[in-house]
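Trainee: Dropping in model_21.cif, which is mmCIF, C-alpha atoms:
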```cif
data_entry
loop_
_atom_site.label_atom_id
_atom_site.label_comp_id
_atom_site.auth_asym_id
_atom_site.auth_seq_id
_atom_site.Cartn_x
_atom_site.Cartn_y
_atom_site.Cartn_z
CA MET Q 1 -19.53 -10.11 -16.09
CA GLU Q 2 -17.78 -6.90 -15.20
CA THR Q 3 -16.61 -5.99 -11.71
CA THR Q 4 -15.13 -2.84 -10.27
CA PHE Q 5 -12.50 -2.59 -7.55
CA ASP Q 6 -12.39 0.64 -5.55
CA PRO Q 7 -9.41 0.96 -3.16
CA LYS Q 8 -11.27 3.76 -1.34
CA LYS Q 9 -13.67 1.09 -0.04
CA ILE Q 10 -10.89 -0.44 2.08
CA THR Q 11 -10.34 0.86 5.59
CA LEU Q 12 -7.56 -0.18 7.92
CA THR Q 13 -7.34 0.65 11.61
CA VAL Q 14 -4.55 -0.07 14.07
CA ALA Q 15 -5.23 0.49 17.78
CA GLY Q 16 -8.36 2.44 16.84
CA ARG Q 17 -6.62 4.83 14.43
CA TYR Q 18 -7.23 4.93 10.67
CA ILE Q 19 -4.07 4.33 8.65
CA THR Q 20 -3.42 6.68 5.73
CA GLY Q 21 -0.68 7.47 3.23
CA TYR Q 22 -0.50 4.19 1.29
CA SER Q 23 2.09 3.78 -1.44
CA ALA Q 24 1.29 3.07 -5.07
CA ASP Q 25 2.07 -0.61 -4.33
CA GLY Q 26 -1.33 -1.11 -2.70
CA ILE Q 27 -3.04 -1.04 0.67
CA ILE Q 28 -2.50 -4.37 2.40
CA VAL Q 29 -1.45 -7.99 1.89
CA LEU Q 30 -2.80 -10.51 4.41
CA THR Q 31 -0.91 -13.82 4.62
CA HIS Q 32 -1.25 -16.86 6.85
CA ASN Q 33 2.10 -18.00 8.28
CA SER Q 34 1.42 -21.74 7.87
CA ASN Q 35 -0.59 -24.14 5.75
CA ALA Q 36 -4.13 -24.89 6.99
CA VAL Q 37 -3.50 -28.65 6.73
CA ILE Q 38 -0.32 -30.72 6.80
CA PRO Q 39 -0.27 -33.79 4.54
CA SER Q 40 1.62 -36.93 5.50
CA ILE Q 41 2.25 -39.65 2.92
CA GLY Q 42 2.67 -43.24 4.08
CA ALA Q 43 5.04 -45.85 2.60
CA GLN Q 44 2.26 -47.19 0.33
CA GLY Q 45 1.06 -43.77 -0.80
CA ASP Q 46 -1.85 -43.35 1.61
CA THR Q 47 -2.36 -39.74 2.69
CA VAL Q 48 -3.32 -38.40 6.08
CA TYR Q 49 -4.13 -34.74 6.62
CA ALA Q 50 -3.46 -33.12 9.98
CA ILE Q 51 -5.27 -29.89 10.76
CA ASN Q 52 -2.69 -27.25 11.61
CA ALA Q 53 -3.50 -25.32 14.79
CA ASP Q 54 -1.27 -22.39 13.75
CA ASN Q 55 -3.71 -19.78 12.44
CA SER Q 56 -1.29 -16.87 12.82
CA GLY Q 57 -0.76 -14.43 10.03
CA ASN Q 58 0.90 -11.26 8.88
CA ALA Q 59 -0.39 -7.99 7.47
CA ALA Q 60 2.05 -6.18 5.18
CA ILE Q 61 1.10 -2.51 4.80
CA PRO Q 62 3.01 -0.56 2.12
CA LEU Q 63 3.12 3.12 3.08
CA GLN Q 64 4.74 6.14 1.48
CA SER Q 65 7.83 7.24 3.40
CA THR Q 66 5.96 10.52 3.99
CA SER Q 67 2.85 8.81 5.44
CA PRO Q 68 1.60 10.48 8.62
CA SER Q 69 0.80 6.97 9.96
CA LEU Q 70 4.47 5.87 10.02
CA ALA Q 71 5.37 7.79 13.18
CA TYR Q 72 2.32 6.34 14.96
CA LEU Q 73 3.18 2.76 13.92
CA ARG Q 74 6.84 3.21 14.89
CA ASP Q 75 5.69 4.45 18.29
CA LEU Q 76 3.53 1.33 18.80
CA CYS Q 77 6.55 -0.82 17.94
CA ALA Q 78 8.89 1.12 20.24
CA ARG Q 79 6.45 0.83 23.15
CA LYS Q 80 6.03 -2.93 22.47
CA VAL Q 81 2.26 -2.78 22.90
CA GLN Q 82 -0.45 -5.15 21.73
CA PHE Q 83 -3.33 -3.64 19.79
CA GLN Q 84 -6.56 -4.24 17.90
CA PHE Q 85 -6.13 -4.61 14.13
CA SER Q 86 -8.99 -4.26 11.67
CA VAL Q 87 -9.38 -4.24 7.90
CA VAL Q 88 -12.67 -3.90 6.05
CA ASP Q 89 -12.93 -4.30 2.28
CA ALA Q 90 -16.44 -3.24 1.24
CA ASN Q 91 -15.94 -4.00 -2.46
CA GLU Q 92 -18.75 -6.16 -3.83
CA ASN Q 93 -16.42 -8.78 -5.30
CA ASP Q 94 -14.56 -10.75 -2.58
CA ALA Q 95 -15.36 -8.41 0.33
CA ILE Q 96 -13.56 -9.27 3.57
CA ARG Q 97 -13.59 -8.25 7.20
CA VAL Q 98 -10.78 -8.99 9.64
CA SER Q 99 -10.80 -7.79 13.23
CA GLU Q 100 -8.23 -9.27 15.60
CA SER Q 101 -6.75 -8.40 18.98
CA ASN Q 102 -3.33 -8.94 20.58
CA CYS Q 103 -1.50 -7.93 17.39
CA ARG Q 104 2.00 -6.45 17.40
CA ILE Q 105 4.62 -4.89 15.20
CA LEU Q 106 7.57 -7.24 15.67
CA LYS Q 107 10.23 -5.17 13.89
CA MET Q 108 10.72 -1.42 13.61
CA PRO Q 109 9.76 -0.25 10.09
CA ASP Q 110 12.60 1.00 7.90
CA THR Q 111 13.45 4.68 8.02
CA PRO Q 112 14.55 5.69 4.52
CA ARG Q 113 15.77 9.20 3.87
CA ASN Q 114 16.01 9.46 0.08
CA LYS Q 115 15.71 12.27 -2.41
CA GLU Q 116 12.38 10.80 -3.56
CA ASN Q 117 9.39 9.38 -1.75
CA THR Q 118 9.79 5.60 -1.28
CA THR Q 119 7.75 2.69 0.06
CA VAL Q 120 8.07 1.53 3.68
CA THR Q 121 6.35 -1.77 4.45
CA VAL Q 122 5.05 -2.18 7.99
CA ASN Q 123 4.49 -5.81 9.03
CA ILE Q 124 1.94 -6.60 11.71
CA TYR Q 125 1.86 -10.02 13.39
CA ILE Q 126 -1.67 -11.37 13.86
CA PRO Q 127 -1.91 -14.28 16.36
CA SER Q 128 -5.15 -15.59 14.84
CA LEU Q 129 -6.05 -14.42 11.33
CA ASN Q 130 -9.72 -15.03 10.59
CA TYR Q 131 -11.76 -13.80 7.64
CA ARG Q 132 -15.36 -12.88 8.30
#
```
If you took the structure in this file and wrote it as structure tokens, what would it be?

Mentor:
Amino acid sequence: METTFDPKKITLTVAGRYITGYSADGIIVLTHNSNAVIPSIGAQGDTVYAINADNSGNAAIPLQSTSPSLAYLRDLCARKVQFQFSVVDANENDAIRVSESNCRILKMPDTPRNKENTTVTVNIYIPSLNYR
């Protein structure tokens, strides 16, 4: 079986604005901050699993240092505002949709000034990361 991945089928919006200017490193990495379950092993080896209520996550967005979206994202961070975050991957294999509110940029993205274009990763905190 052959599948095709098309990065142009991925759209990312932050506070209603499409993000552009991704680096060659990719478009986005979504990561949960904690394990979904927490195992506990008793003295005789019996295992109990506790469901972890922490469903928070992080979106790492690698942008070119010349991306027109960087100034917008830095402004959101500087103003300390919450926003709607959305990513849609319409690829046929492993398509995802994430749309969450109350997200924030916790740390100002780096501001490199180099002789060549570099990658700046913007990290967005997502209070409840759910795949649809």

Trainee: Can you list, as an NGL selection string, the residues that the PyMOL selection byres ((chain Q and resi 125) around 12) selects here?

Mentor: :Q and (14 or 30-33 or 55-61 or 77 or 81-85 or 100-107 or 122-124 or 126-129)

Trainee: Report, in Å with one decimal, the straight-line distance from CA of Val37 in chain Q to CA of Tyr131 in chain Q.

Mentor: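 Separation of CA of Val37 in chain Q and CA of Tyr131 in chain Q: 17.0 Å.
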
Trainee: List, as a count of residues only, every residue that the PyMOL selection byres ((chain Q and resi 8-11) around 12) selects in the file provided.

Mentor: 33

Trainee: What separation in Å, quoted to one decimal, exists between CA of Ala78 in chain Q and CA of Asp110 in chain Q?

Mentor: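 Going from CA of Ala78 in chain Q over to CA of Asp110 in chain Q covers 12.9 Å.
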
Trainee: Measure the distance from CA of Lys115 in chain Q to CA of Tyr72 in chain Q in Å and round it to one decimal.

Mentor: 22.7 Å

Trainee: Determine the residue set returned by the PyMOL selection byres ((chain Q and resi 119) around 12) for the present structure, and present it as a ChimeraX atom specification.

Mentor: /Q:21-27,60-67,70,109-114,116-118,120-122

Trainee: Rank Q:Met108, Q:Leu76, Q:Ala36, Q:Ala71 by their smallest atom-to-atom distance to Asn130 in chain Q, using all atoms listed in the file, and report the top residue only.

Mentor: Q:Ala36
